[in-house]
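Pasted below: data-v2.csv, CSV, C-alpha atoms.
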```
chain,number,residue,atom,x,y,z
A,1,MET,CA,4.7,-98.6,-75.8
A,2,THR,CA,3.0,-100.2,-78.7
A,3,TRP,CA,4.8,-101.3,-81.8
A,4,MET,CA,2.7,-98.8,-83.8
A,5,ARG,CA,4.1,-96.0,-81.7
A,6,LEU,CA,7.6,-97.4,-81.9
A,7,SER,CA,7.6,-97.5,-85.7
A,8,SER,CA,5.9,-94.1,-86.1
A,9,ASP,CA,7.6,-91.4,-88.0
A,10,ARG,CA,7.4,-89.1,-85.0
A,11,TYR,CA,9.1,-91.5,-82.7
A,12,LEU,CA,11.8,-92.3,-85.2
A,13,SER,CA,12.4,-88.6,-86.0
A,14,THR,CA,12.7,-87.8,-82.3
A,15,THR,CA,15.1,-90.7,-81.8
A,16,ALA,CA,17.3,-89.5,-84.8
A,17,VAL,CA,17.6,-86.0,-83.4
A,18,ILE,CA,18.4,-87.2,-79.8
A,19,VAL,CA,21.0,-89.7,-81.0
A,20,GLY,CA,22.7,-86.9,-83.0
A,21,LEU,CA,22.6,-84.5,-80.1
A,22,LEU,CA,24.1,-87.1,-77.7
A,23,LEU,CA,26.8,-88.0,-80.1
A,24,VAL,CA,28.2,-84.4,-79.7
A,25,LEU,CA,27.3,-83.8,-76.0
A,26,GLY,CA,27.6,-87.3,-74.7
A,27,PRO,CA,31.4,-87.8,-74.5
A,28,ALA,CA,31.9,-84.3,-73.0
A,29,LEU,CA,29.2,-84.6,-70.4
A,30,SER,CA,30.5,-88.1,-69.5
A,31,ALA,CA,34.0,-86.8,-68.9
A,32,ALA,CA,32.9,-83.6,-67.1
A,33,PHE,CA,30.4,-85.2,-64.7
A,34,GLY,CA,31.5,-88.8,-64.5
A,35,VAL,CA,28.2,-90.2,-65.9
A,36,HIS,CA,29.7,-92.7,-68.3
A,37,PHE,CA,26.4,-94.0,-69.5
A,38,ILE,CA,25.8,-90.8,-71.4
A,39,ARG,CA,28.6,-91.6,-73.8
A,40,SER,CA,27.1,-95.1,-74.5
A,41,ALA,CA,23.5,-93.9,-74.5
A,42,PRO,CA,23.2,-93.5,-78.3
A,43,ALA,CA,24.4,-97.0,-78.9
A,44,PHE,CA,22.0,-98.5,-76.4
A,45,LEU,CA,19.1,-96.5,-77.7
A,46,LEU,CA,19.7,-97.4,-81.4
A,47,PHE,CA,20.6,-101.0,-80.8
A,48,SER,CA,17.6,-101.6,-78.6
A,49,TYR,CA,15.3,-100.2,-81.2
A,50,ALA,CA,17.0,-102.4,-83.9
A,51,VAL,CA,16.5,-105.6,-81.9
A,52,VAL,CA,12.9,-104.8,-81.1
A,53,TYR,CA,12.2,-103.9,-84.7
A,54,SER,CA,13.9,-107.1,-86.0
A,55,VAL,CA,11.9,-109.3,-83.6
A,56,ALA,CA,8.6,-107.6,-84.2
A,57,THR,CA,8.9,-107.6,-88.0
A,58,ARG,CA,10.8,-111.0,-88.2
A,59,ARG,CA,13.4,-109.2,-90.3
A,60,ASN,CA,17.1,-110.1,-90.0
A,61,ILE,CA,19.5,-107.4,-89.0
A,62,GLU,CA,21.5,-106.5,-92.1
A,63,LEU,CA,25.3,-106.3,-92.4
A,64,THR,CA,27.5,-104.9,-95.1
A,65,SER,CA,31.1,-105.6,-95.9
A,66,PHE,CA,31.9,-102.6,-93.8
A,67,HIS,CA,30.2,-104.1,-90.8
A,68,ARG,CA,31.6,-107.6,-91.4
A,69,ALA,CA,35.1,-106.2,-91.5
A,70,SER,CA,34.5,-104.3,-88.3
A,71,LEU,CA,33.2,-107.4,-86.5
A,72,ALA,CA,36.2,-109.4,-87.9
A,73,LEU,CA,38.5,-106.7,-86.4
A,74,LEU,CA,36.7,-107.0,-83.1
A,75,LEU,CA,37.1,-110.8,-83.1
A,76,LEU,CA,40.8,-110.5,-83.8
A,77,LEU,CA,41.2,-108.1,-80.9
A,78,LEU,CA,39.2,-110.5,-78.7
A,79,VAL,CA,41.7,-113.3,-79.6
A,80,GLY,CA,44.5,-110.8,-79.0
A,81,LEU,CA,43.5,-110.5,-75.4
A,82,LEU,CA,44.7,-114.1,-74.8
A,83,HIS,CA,48.3,-113.2,-75.5
A,84,SER,CA,48.4,-109.5,-74.5
A,85,ARG,CA,50.7,-108.3,-71.7
A,86,SER,CA,48.2,-105.6,-70.9
A,87,PRO,CA,44.9,-107.6,-70.7
A,88,VAL,CA,43.0,-105.3,-68.4
A,89,HIS,CA,43.6,-102.2,-70.6
A,90,GLY,CA,42.9,-104.4,-73.7
A,91,ALA,CA,39.6,-105.7,-72.2
A,92,VAL,CA,38.4,-102.2,-71.5
A,93,LYS,CA,39.4,-101.0,-74.9
A,94,LEU,CA,37.6,-103.9,-76.6
A,95,LEU,CA,34.5,-103.3,-74.5
A,96,LEU,CA,34.3,-99.6,-75.6
A,97,MET,CA,34.9,-100.7,-79.2
A,98,SER,CA,32.1,-103.2,-79.0
A,99,PHE,CA,29.6,-100.3,-78.6
A,100,SER,CA,30.9,-97.9,-81.3
A,101,TRP,CA,32.4,-100.3,-83.9
A,102,GLY,CA,29.8,-103.0,-83.2
A,103,LEU,CA,26.4,-102.1,-81.7
A,104,PHE,CA,26.2,-98.4,-82.7
A,105,SER,CA,27.4,-98.9,-86.3
A,106,VAL,CA,25.2,-101.9,-87.0
A,107,ALA,CA,22.1,-100.3,-85.4
A,108,LEU,CA,22.6,-97.0,-87.2
A,109,PHE,CA,22.6,-98.8,-90.5
A,110,ASN,CA,19.5,-100.8,-89.7
A,111,VAL,CA,17.4,-98.1,-88.1
A,112,PHE,CA,18.2,-94.9,-90.2
A,113,ARG,CA,16.8,-96.3,-93.5
A,114,THR,CA,15.6,-93.1,-95.1
A,115,GLN,CA,17.1,-89.9,-96.1
A,116,ARG,CA,14.9,-88.0,-93.7
A,117,LEU,CA,16.2,-89.9,-90.7
A,118,VAL,CA,19.8,-89.4,-91.7
A,119,HIS,CA,18.9,-85.7,-92.3
A,120,LEU,CA,17.5,-85.5,-88.8
A,121,PHE,CA,20.4,-87.2,-87.3
A,122,LEU,CA,22.7,-84.5,-88.7
A,123,VAL,CA,20.3,-81.8,-87.5
A,124,GLY,CA,20.6,-83.3,-84.0
A,125,ILE,CA,24.4,-83.0,-84.3
A,126,GLY,CA,24.0,-79.3,-85.2
A,127,VAL,CA,21.6,-78.7,-82.3
A,128,GLY,CA,24.0,-80.4,-80.0
A,129,GLY,CA,26.8,-78.3,-81.2
A,130,ILE,CA,24.8,-75.1,-80.6
A,131,ALA,CA,23.9,-76.3,-77.1
A,132,TYR,CA,27.5,-77.1,-76.5
A,133,VAL,CA,28.6,-73.5,-77.4
A,134,LEU,CA,25.9,-72.1,-75.1
A,135,ILE,CA,27.1,-74.3,-72.2
A,136,LEU,CA,30.7,-73.4,-72.8
A,137,TRP,CA,29.9,-69.7,-73.0
A,138,LEU,CA,28.0,-69.7,-69.8
A,139,SER,CA,30.4,-71.9,-67.8
A,140,GLU,CA,33.8,-71.0,-69.2
A,141,GLY,CA,33.3,-67.6,-70.9
A,142,HIS,CA,33.6,-66.4,-74.5
A,143,PRO,CA,36.4,-68.1,-76.5
A,144,PHE,CA,38.3,-65.1,-77.6
A,145,GLY,CA,38.7,-63.9,-74.1
A,146,ILE,CA,39.9,-67.4,-73.2
A,147,LEU,CA,42.5,-67.4,-76.0
A,148,ALA,CA,43.7,-63.9,-74.9
A,149,SER,CA,44.6,-65.2,-71.5
A,150,ALA,CA,45.8,-68.7,-72.4
A,151,ASN,CA,49.3,-70.0,-71.7
A,152,LEU,CA,51.3,-72.9,-72.9
A,153,PHE,CA,49.8,-75.3,-70.3
A,154,PHE,CA,46.2,-74.2,-70.6
A,155,ARG,CA,43.8,-76.6,-72.4
A,156,LEU,CA,40.1,-75.7,-72.4
A,157,SER,CA,37.7,-78.5,-71.2
A,158,LEU,CA,34.2,-78.6,-69.9
A,159,GLY,CA,34.4,-78.8,-66.1
A,160,ASP,CA,37.3,-79.6,-63.9
A,161,THR,CA,37.6,-83.2,-65.1
A,162,GLY,CA,36.6,-82.7,-68.7
A,163,ASN,CA,38.7,-83.9,-71.6
A,164,PRO,CA,39.9,-81.2,-74.1
A,165,ILE,CA,40.0,-83.6,-77.0
A,166,TRP,CA,36.3,-84.5,-76.7
A,167,LEU,CA,35.5,-80.8,-76.7
A,168,ALA,CA,37.6,-80.2,-79.8
A,169,ARG,CA,36.1,-83.1,-81.6
A,170,GLY,CA,32.6,-82.0,-80.7
A,171,MET,CA,33.3,-78.6,-82.1
A,172,GLY,CA,34.8,-80.1,-85.2
A,173,VAL,CA,31.9,-82.3,-86.0
A,174,SER,CA,29.5,-79.4,-85.3
A,175,ILE,CA,31.4,-77.0,-87.6
A,176,LEU,CA,31.0,-79.5,-90.5
A,177,VAL,CA,27.3,-79.8,-89.9
A,178,MET,CA,27.1,-76.0,-89.7
A,179,ILE,CA,28.7,-75.8,-93.1
A,180,TRP,CA,26.0,-78.1,-94.3
A,181,TYR,CA,23.4,-75.9,-92.7
A,182,LEU,CA,24.8,-72.8,-94.4
A,183,THR,CA,25.2,-74.2,-97.9
A,184,ASP,CA,22.1,-76.4,-98.1
A,185,ARG,CA,19.8,-74.6,-95.7
A,186,PRO,CA,18.2,-77.9,-94.5
A,187,VAL,CA,16.6,-76.3,-91.4
A,188,GLY,CA,15.4,-72.9,-92.7
A,189,LYS,CA,16.0,-69.9,-90.5
A,190,LEU,CA,18.1,-72.0,-88.1
A,191,SER,CA,20.7,-72.0,-90.9
A,192,PHE,CA,21.6,-68.4,-90.1
A,193,LEU,CA,23.0,-69.5,-86.7
A,194,ALA,CA,25.8,-71.2,-88.7
A,195,ILE,CA,27.3,-67.8,-89.6
A,196,PRO,CA,28.3,-66.8,-86.1
A,197,ALA,CA,28.6,-70.3,-84.8
A,198,ILE,CA,31.4,-71.4,-87.1
A,199,PRO,CA,34.1,-68.9,-85.9
A,200,VAL,CA,33.0,-69.3,-82.3
A,201,MET,CA,33.3,-73.1,-82.5
A,202,PHE,CA,36.7,-72.9,-84.2
A,203,ALA,CA,37.9,-70.5,-81.5
A,204,TYR,CA,36.8,-72.9,-78.8
A,205,MET,CA,38.7,-75.6,-80.7
A,206,LEU,CA,41.9,-73.5,-80.6
A,207,ALA,CA,41.5,-73.0,-76.9
A,208,THR,CA,41.6,-76.8,-76.3
A,209,GLY,CA,45.1,-76.9,-77.6
A,210,SER,CA,44.2,-80.1,-79.6
A,211,LYS,CA,46.0,-80.2,-83.0
A,212,ALA,CA,44.4,-83.2,-84.7
A,213,PRO,CA,40.8,-81.9,-84.7
A,214,ILE,CA,41.9,-78.5,-86.1
A,215,VAL,CA,43.8,-80.1,-89.0
A,216,GLY,CA,41.0,-82.6,-89.5
A,217,VAL,CA,38.2,-80.0,-89.7
A,218,VAL,CA,40.1,-77.9,-92.3
A,219,LEU,CA,40.7,-81.0,-94.4
A,220,ALA,CA,37.1,-82.1,-94.0
A,221,ALA,CA,35.7,-78.7,-95.0
A,222,ALA,CA,37.7,-79.0,-98.3
A,223,VAL,CA,36.4,-82.5,-98.8
A,224,PHE,CA,32.8,-81.2,-98.3
A,225,ALA,CA,33.3,-78.4,-100.8
A,226,PHE,CA,34.4,-80.6,-103.6
A,227,ALA,CA,32.1,-83.5,-102.8
A,228,ARG,CA,29.1,-81.3,-102.7
A,229,GLY,CA,29.8,-79.8,-106.1
A,230,GLY,CA,28.6,-76.6,-107.6
A,231,THR,CA,30.5,-73.4,-108.0
A,232,LYS,CA,28.6,-71.5,-105.3
A,233,THR,CA,29.0,-74.2,-102.7
A,234,ARG,CA,32.7,-74.5,-103.4
A,235,VAL,CA,33.2,-70.8,-103.3
A,236,ALA,CA,31.2,-70.5,-100.0
A,237,THR,CA,33.1,-73.3,-98.3
A,238,ILE,CA,36.5,-72.0,-99.5
A,239,ALA,CA,35.5,-68.5,-98.2
A,240,MET,CA,34.7,-70.1,-94.8
A,241,LEU,CA,38.1,-71.8,-94.9
A,242,VAL,CA,39.8,-68.4,-95.6
A,243,LEU,CA,37.8,-66.9,-92.7
A,244,VAL,CA,39.0,-69.7,-90.4
A,245,ILE,CA,42.6,-69.1,-91.5
A,246,LEU,CA,42.2,-65.3,-90.8
A,247,VAL,CA,40.8,-66.0,-87.4
A,248,LEU,CA,43.8,-68.3,-86.7
A,249,SER,CA,46.2,-65.7,-87.9
A,250,SER,CA,44.6,-63.0,-85.8
A,251,VAL,CA,44.8,-65.0,-82.6
A,252,ALA,CA,48.3,-66.4,-83.3
A,253,PRO,CA,50.0,-63.3,-81.8
A,254,MET,CA,48.3,-64.1,-78.6
A,255,PHE,CA,50.2,-67.4,-78.5
A,256,SER,CA,53.6,-66.0,-79.4
A,257,GLU,CA,54.6,-64.9,-75.9
A,258,HIS,CA,54.1,-68.4,-74.5
A,259,ASP,CA,55.1,-70.2,-77.7
A,260,ILE,CA,52.0,-72.4,-77.7
A,261,ILE,CA,52.3,-73.2,-81.4
A,262,GLY,CA,55.9,-74.2,-81.2
A,263,GLY,CA,55.5,-76.0,-77.9
A,264,ARG,CA,52.4,-77.9,-79.1
A,265,ILE,CA,53.7,-78.9,-82.5
A,266,LEU,CA,57.5,-79.1,-82.4
A,267,GLY,CA,58.1,-79.4,-78.6
A,268,THR,CA,58.5,-82.5,-76.5
A,269,GLY,CA,55.6,-82.0,-74.1
A,270,ALA,CA,53.0,-84.7,-73.6
A,271,ALA,CA,50.6,-83.1,-76.0
A,272,SER,CA,53.2,-82.1,-78.7
A,273,LEU,CA,53.5,-83.6,-82.1
A,274,GLY,CA,57.1,-84.3,-81.3
A,275,ARG,CA,56.2,-86.6,-78.5
A,276,ARG,CA,53.5,-88.3,-80.6
A,277,MET,CA,56.2,-89.1,-83.3
A,278,GLU,CA,58.3,-90.7,-80.6
A,279,SER,CA,55.5,-93.0,-79.8
A,280,TRP,CA,55.0,-93.9,-83.5
A,281,GLU,CA,58.7,-94.7,-83.8
A,282,LEU,CA,58.6,-96.8,-80.6
A,283,ALA,CA,55.7,-98.9,-81.9
A,284,LEU,CA,57.2,-99.4,-85.3
A,285,ASP,CA,60.6,-100.3,-83.9
A,286,GLY,CA,58.9,-102.8,-81.5
A,287,PHE,CA,56.9,-104.3,-84.4
A,288,GLY,CA,60.1,-104.7,-86.5
A,289,ARG,CA,61.9,-106.5,-83.7
A,290,GLY,CA,59.1,-109.0,-83.2
A,291,SER,CA,58.9,-112.7,-84.3
A,292,VAL,CA,57.1,-113.7,-87.4
A,293,LEU,CA,53.9,-114.5,-85.4
A,294,ASN,CA,54.1,-111.1,-83.8
A,295,MET,CA,54.3,-109.4,-87.2
A,296,ILE,CA,51.4,-111.4,-88.5
A,297,PHE,CA,49.0,-111.3,-85.5
A,298,GLY,CA,50.6,-108.5,-83.4
A,299,TYR,CA,51.5,-108.4,-79.7
A,300,GLY,CA,47.9,-108.5,-78.4
A,301,THR,CA,45.1,-106.0,-77.7
A,302,GLY,CA,46.3,-103.1,-75.5
A,303,ALA,CA,50.0,-104.3,-75.6
A,304,PHE,CA,51.4,-101.0,-76.6
A,305,SER,CA,51.0,-99.7,-73.0
A,306,HIS,CA,53.4,-102.5,-71.8
A,307,LEU,CA,55.9,-101.5,-74.5
A,308,SER,CA,55.7,-97.8,-73.6
A,309,ARG,CA,55.2,-97.9,-69.8
A,310,SER,CA,55.9,-101.6,-68.8
A,311,ALA,CA,52.6,-101.6,-67.1
A,312,ASP,CA,49.0,-102.6,-67.8
A,313,VAL,CA,47.6,-99.1,-68.1
A,314,ARG,CA,45.9,-97.1,-70.8
A,315,ASP,CA,48.4,-95.8,-73.4
A,316,TYR,CA,48.5,-95.7,-77.1
A,317,PRO,CA,50.6,-94.2,-79.9
A,318,HIS,CA,48.0,-91.7,-81.1
A,319,ASN,CA,47.8,-93.3,-84.5
A,320,VAL,CA,45.2,-96.0,-85.2
A,321,LEU,CA,47.1,-97.5,-88.1
A,322,ILE,CA,50.3,-97.9,-86.1
A,323,GLU,CA,48.4,-99.0,-83.0
A,324,THR,CA,46.6,-101.7,-85.0
A,325,LEU,CA,49.8,-102.8,-86.7
A,326,TYR,CA,51.6,-103.3,-83.4
A,327,GLU,CA,48.7,-104.9,-81.5
A,328,GLY,CA,47.0,-106.8,-84.3
A,329,GLY,CA,49.9,-107.3,-86.7
A,330,VAL,CA,49.6,-107.3,-90.5
A,331,VAL,CA,46.2,-109.1,-90.3
A,332,GLY,CA,44.8,-106.4,-88.0
A,333,LEU,CA,46.1,-103.6,-90.1
A,334,ALA,CA,44.6,-105.2,-93.3
A,335,LEU,CA,41.2,-105.5,-91.6
A,336,LEU,CA,41.3,-101.9,-90.5
A,337,VAL,CA,42.2,-100.7,-94.0
A,338,VAL,CA,39.2,-102.7,-95.3
A,339,VAL,CA,37.0,-101.1,-92.7
A,340,ILE,CA,38.1,-97.6,-93.7
A,341,VAL,CA,37.9,-98.2,-97.5
A,342,ALA,CA,34.6,-100.2,-97.5
A,343,PRO,CA,32.2,-97.2,-97.2
A,344,LEU,CA,34.1,-95.4,-100.0
A,345,VAL,CA,33.8,-98.4,-102.3
A,346,ALA,CA,30.1,-98.7,-101.5
A,347,LEU,CA,29.6,-95.0,-102.2
A,348,ARG,CA,31.5,-95.2,-105.5
A,349,ARG,CA,29.2,-98.1,-106.7
A,350,GLN,CA,26.2,-95.9,-105.9
A,351,PHE,CA,27.6,-93.1,-108.0
A,352,ALA,CA,28.3,-95.5,-110.8
A,353,GLY,CA,24.8,-96.8,-110.6
A,354,GLY,CA,23.1,-93.5,-111.1
A,355,ALA,CA,23.6,-91.3,-108.1
A,356,ALA,CA,22.4,-88.3,-110.1
A,357,GLU,CA,18.9,-89.6,-109.7
A,358,GLN,CA,19.1,-89.2,-105.9
A,359,GLY,CA,18.7,-85.5,-106.0
A,360,ARG,CA,20.4,-82.4,-104.5
A,361,ALA,CA,19.4,-83.3,-100.9
A,362,TRP,CA,21.0,-86.7,-101.1
A,363,ARG,CA,24.2,-85.2,-102.5
A,364,GLY,CA,24.3,-82.7,-99.7
A,365,LEU,CA,24.0,-85.5,-97.1
A,366,VAL,CA,26.7,-87.5,-98.8
A,367,ALA,CA,29.1,-84.5,-98.9
A,368,THR,CA,28.4,-84.0,-95.2
A,369,ALA,CA,29.0,-87.7,-94.3
A,370,LEU,CA,32.2,-87.7,-96.4
A,371,ALA,CA,33.4,-84.6,-94.5
A,372,LEU,CA,32.7,-86.2,-91.2
A,373,TYR,CA,34.5,-89.4,-92.3
A,374,ALA,CA,37.5,-87.4,-93.5
A,375,PHE,CA,37.6,-85.6,-90.2
A,376,ALA,CA,37.4,-88.9,-88.2
A,377,VAL,CA,40.1,-90.7,-90.2
A,378,ALA,CA,42.4,-87.7,-90.2
A,379,ASN,CA,42.0,-87.1,-86.5
A,380,ALA,CA,42.7,-90.8,-85.8
A,381,GLN,CA,46.1,-90.5,-87.3
A,382,MET,CA,47.3,-88.0,-84.6
A,383,SER,CA,45.0,-88.4,-81.6
A,384,GLY,CA,43.4,-91.2,-79.6
A,385,ASP,CA,43.1,-94.9,-80.1
A,386,LEU,CA,40.6,-97.2,-81.7
A,387,SER,CA,38.2,-97.1,-78.8
A,388,SER,CA,38.1,-93.3,-78.6
A,389,ASN,CA,37.9,-92.7,-82.3
A,390,GLU,CA,34.3,-93.8,-82.5
A,391,LEU,CA,33.4,-91.3,-85.2
A,392,ILE,CA,35.1,-93.6,-87.8
A,393,PRO,CA,32.5,-96.5,-87.5
A,394,ILE,CA,29.7,-94.0,-86.9
A,395,SER,CA,30.3,-91.8,-90.0
A,396,GLY,CA,31.2,-94.9,-92.0
A,397,ALA,CA,27.8,-96.4,-91.1
A,398,ILE,CA,26.2,-93.2,-92.4
A,399,LEU,CA,28.1,-93.5,-95.6
A,400,VAL,CA,27.1,-97.1,-96.3
A,401,THR,CA,23.5,-96.1,-95.4
A,402,LEU,CA,23.5,-93.4,-98.0
A,403,ALA,CA,25.3,-95.7,-100.4
A,404,ARG,CA,22.2,-97.8,-100.7
A,405,GLY,CA,20.3,-94.6,-101.6
A,406,ALA,CA,18.7,-94.3,-98.1
A,407,ASN,CA,15.3,-94.7,-99.9
A,408,GLU,CA,14.1,-97.8,-98.2
A,409,ARG,CA,11.2,-97.3,-95.8
A,410,PRO,CA,11.5,-99.0,-92.3
```
Please express the file's structure as C-alpha cells.
Amino acid sequence: MTWMRLSSDRYLSTTAVIVGLLLVLGPALSAAFGVHFIRSAPAFLLFSYAVVYSVATRRNIELTSFHRASLALLLLLLVGLLHSRSPVHGAVKLLLMSFSWGLFSVALFNVFRTQRLVHLFLVGIGVGGIAYVLILWLSEGHPFGILASANLFFRLSLGDTGNPIWLARGMGVSILVMIWYLTDRPVGKLSFLAIPAIPVMFAYMLATGSKAPIVGVVLAAAVFAFARGGTKTRVATIAMLVLVILVLSSVAPMFSEHDIIGGRILGTGAASLGRRMESWELALDGFGRGSVLNMIFGYGTGAFSHLSRSADVRDYPHNVLIETLYEGGVVGLALLVVVIVAPLVALRRQFAGGAAEQGRAWRGLVATALALYAFAVANAQMSGDLSSNELIPISGAILVTLARGANERP
C-alpha cells in the first residue's frame, strides 16, 4: 500500500466508518465468540495509521491536556502495581486501559482531523447499531416478545457467553447517534431508520436488565437537546424522551409479577443498586481507615478485589471515582477529574473563541459528542471499572478534536 493511498480521502473515510462500527459491535462480538482481538481492533487500526502517518510526514503525534492527564493516570496506575495486593488483576486492567485511555484516544485525536472524518465515525456507530439490532432480532427474537417472557433472573446478551452490559451500552450509544440522524439528517434517507430503531434499541436495553446505560441514555438525550440548540431540535428530542418513558411505562406491568424493577434497583442481588451501594461503602470505609500514604497514593491498582474478596480476581465497586480514590488515592482521583473536565474546558474555549463560525454541522457533531460523553460518564458511576468504561476516553477524544474546530486537513 502506497502512502498516497493511505492518505487518500477514500481510505480515511472507510477507516472512520469501520472504526465506528467496531466500537459498537466489537465488545459484544468479543464477549459472544471469544475473539478478544475484535474489541481492540479499532485501537490497533487507528494507532497503526497514526504512527505510519507521523513517520511518513515527519510530524509529531500531538497531545492535549486531556491526553497528558490520561497518560499521567496510566503512569500512576503502573506505579500502583508495585504495591498492589492484586497485581495480576491490576496488570490486566492496566493493559486494557493502555488501549482505550492511551492508544485509541491519542490516535483518534491525531487521525480524525476533519469534521468529515468525525462525521463518518459517528455514521459508522449508527450503522453498527442497526447491524446489532438485526443480529439480535435474528438470533434472539424481537425485544418486546423477550420482555413479555422475562423473569427476575433473565438478562439479554448476544450468545450464550455474551455480556449484557456491552449490549446495553452498544444500544445506548446507537440511540444517541440515531437521535443525531433524526434531528440533523446527516445521512439522507437513512435517517428515517432512526424512527423505528430508537424504541427497538431501547427495548433491547431494557431486556438486558442493566440500569446504568438506561439512566445514562435518558440523561444524554437531554444533554443533546440543549447542547444542539434550536426549538425544533429540543422539542423533537424531548418528544423522543417522552416516547421512551411511555414505552417504559407500557412494559413495566410485564415486570411487576417478577418484581424486576424492585429486585434490580432496591434489592440485594448481584446486579442490584443496593449491592452496588454496599461496594461503594466498602471502598470508602477502606479508604478512610488507611494510612496517610494510602490516602494520598491509594492501595494499588486492582486492590479493591483484595478488599472485597481477599483474592487476586477481577472485582470493582462499579463507580470509577470511588474505584480510583481507593486504588489511586487523592492523587489518582485528582488526575481522573482533570481527565473528565479537560474536554469540557477545551470545548468552552472554542465556544468563547467564536464557535458560531463553525456552522450548523459542527454544532450537531458537538452536541452528539457531548451526549456520548454524558452517557459514558454517567454510566461509569454505576457500572464497570476504568478498563471497561472505554467510552470516556474515546468520546473525550472526539470532544477535544472538535474543540480545535476539526478543520485541519491531515
Contact check, range 88-134 of chain A to range 368-382 of chain A, at most 12 Å, counting all atoms listed in the file, closest pairs as CSV:
```
residue,atom,partner,partner_atom,distance
A:Val118,CA,A:Ala369,CA,9.7
A:His119,CA,A:Thr368,CA,10.1
A:Phe121,CA,A:Ala369,CA,11.1
A:Leu122,CA,A:Thr368,CA,8.7
A:Val123,CA,A:Thr368,CA,11.4
A:Ile125,CA,A:Leu372,CA,11.3
A:Gly126,CA,A:Thr368,CA,11.9
```
Please report as CSV every residue of range 80-193 of chain A lying within 7 Å of range 310-320 of chain A, along with the nearest atom pair and their distance in Å (one decimal), using only C-alpha atoms.
```
residue,atom,partner,partner_atom,distance
A:Ser86,CA,A:Asp312,CA,4.4
A:Val88,CA,A:Asp312,CA,6.6
A:His89,CA,A:Arg314,CA,5.6
```
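The interatomic distance for the pair CA of Thr183 in chain A and CA of Ala367 in chain A works out to 11.1 Å.
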- [ ] Using all atoms listed in the file, find the one residue out of A:Gly172, A:Gly128, A:Pro393, A:Gly216 that sits nearest to Ser105 in chain A.
- [x] A:Pro393
Task: Which of A:Val339, A:Val111, A:Val223, A:Ile135 sits closest to Thr15 in chain A [using all atoms listed in the file] - done: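 Result for the nearest residue to Thr15 in chain A: A:Val111.
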Task: Distance query Ala303 in chain A at most 7 Å, only C-alpha atoms, self and fewer than 6 positions along chain excluded, as a ChimeraX atom specification - done: /A:84-86,327
Open item on the list: Under the rule that all atoms listed in the file are counted, which of A:Val292, A:Leu386, A:Leu12, A:Ile340 is the nearest residue to Gly90 in chain A?
Closed with: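 Of all the options, A:Leu386 lies closest to Gly90 in chain A.
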Task: Contacts of range 17-24 of chain A at 10 Å (only C-alpha atoms; same-chain gap of 6+ positions) as an NGL selection string - done: :A and (38-46 or 108 or 117-132 or 166-167 or 169-174 or 390-391 or 394)
Okay, now the selection with C-alpha atoms, as a PDB file, keeping the file's coordinate frame?
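So part-v9.pdb came out as:
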```pdb
ATOM      1  CA  ILE A  38      25.800 -90.800 -71.400  1.00  0.00           C
ATOM      2  CA  ARG A  39      28.600 -91.600 -73.800  1.00  0.00           C
ATOM      3  CA  SER A  40      27.100 -95.100 -74.500  1.00  0.00           C
ATOM      4  CA  ALA A  41      23.500 -93.900 -74.500  1.00  0.00           C
ATOM      5  CA  PRO A  42      23.200 -93.500 -78.300  1.00  0.00           C
ATOM      6  CA  ALA A  43      24.400 -97.000 -78.900  1.00  0.00           C
ATOM      7  CA  PHE A  44      22.000 -98.500 -76.400  1.00  0.00           C
ATOM      8  CA  LEU A  45      19.100 -96.500 -77.700  1.00  0.00           C
ATOM      9  CA  LEU A  46      19.700 -97.400 -81.400  1.00  0.00           C
ATOM     10  CA  LEU A 108      22.600 -97.000 -87.200  1.00  0.00           C
ATOM     11  CA  LEU A 117      16.200 -89.900 -90.700  1.00  0.00           C
ATOM     12  CA  VAL A 118      19.800 -89.400 -91.700  1.00  0.00           C
ATOM     13  CA  HIS A 119      18.900 -85.700 -92.300  1.00  0.00           C
ATOM     14  CA  LEU A 120      17.500 -85.500 -88.800  1.00  0.00           C
ATOM     15  CA  PHE A 121      20.400 -87.200 -87.300  1.00  0.00           C
ATOM     16  CA  LEU A 122      22.700 -84.500 -88.700  1.00  0.00           C
ATOM     17  CA  VAL A 123      20.300 -81.800 -87.500  1.00  0.00           C
ATOM     18  CA  GLY A 124      20.600 -83.300 -84.000  1.00  0.00           C
ATOM     19  CA  ILE A 125      24.400 -83.000 -84.300  1.00  0.00           C
ATOM     20  CA  GLY A 126      24.000 -79.300 -85.200  1.00  0.00           C
ATOM     21  CA  VAL A 127      21.600 -78.700 -82.300  1.00  0.00           C
ATOM     22  CA  GLY A 128      24.000 -80.400 -80.000  1.00  0.00           C
ATOM     23  CA  GLY A 129      26.800 -78.300 -81.200  1.00  0.00           C
ATOM     24  CA  ILE A 130      24.800 -75.100 -80.600  1.00  0.00           C
ATOM     25  CA  ALA A 131      23.900 -76.300 -77.100  1.00  0.00           C
ATOM     26  CA  TYR A 132      27.500 -77.100 -76.500  1.00  0.00           C
ATOM     27  CA  TRP A 166      36.300 -84.500 -76.700  1.00  0.00           C
ATOM     28  CA  LEU A 167      35.500 -80.800 -76.700  1.00  0.00           C
ATOM     29  CA  ARG A 169      36.100 -83.100 -81.600  1.00  0.00           C
ATOM     30  CA  GLY A 170      32.600 -82.000 -80.700  1.00  0.00           C
ATOM     31  CA  MET A 171      33.300 -78.600 -82.100  1.00  0.00           C
ATOM     32  CA  GLY A 172      34.800 -80.100 -85.200  1.00  0.00           C
ATOM     33  CA  VAL A 173      31.900 -82.300 -86.000  1.00  0.00           C
ATOM     34  CA  SER A 174      29.500 -79.400 -85.300  1.00  0.00           C
ATOM     35  CA  GLU A 390      34.300 -93.800 -82.500  1.00  0.00           C
ATOM     36  CA  LEU A 391      33.400 -91.300 -85.200  1.00  0.00           C
ATOM     37  CA  ILE A 394      29.700 -94.000 -86.900  1.00  0.00           C
TER      38      ILE A 394
END
```
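Comparing the minimum interatomic distances between Leu75 in chain A and each of A:Thr301, A:Phe112, A:Arg348, A:Ile179, counting only C-alpha atoms, we find that A:Thr301 sits nearest.
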TODO: For Leu336 in chain A, please output as a ChimeraX atom specification all residues within 12 Å (counting all atoms listed in the file; exclusion window: fewer than 3 positions along the same chain).
DONE: /A:66-74,76-77,101,320-325,328-333,339-342,377,386,392-393
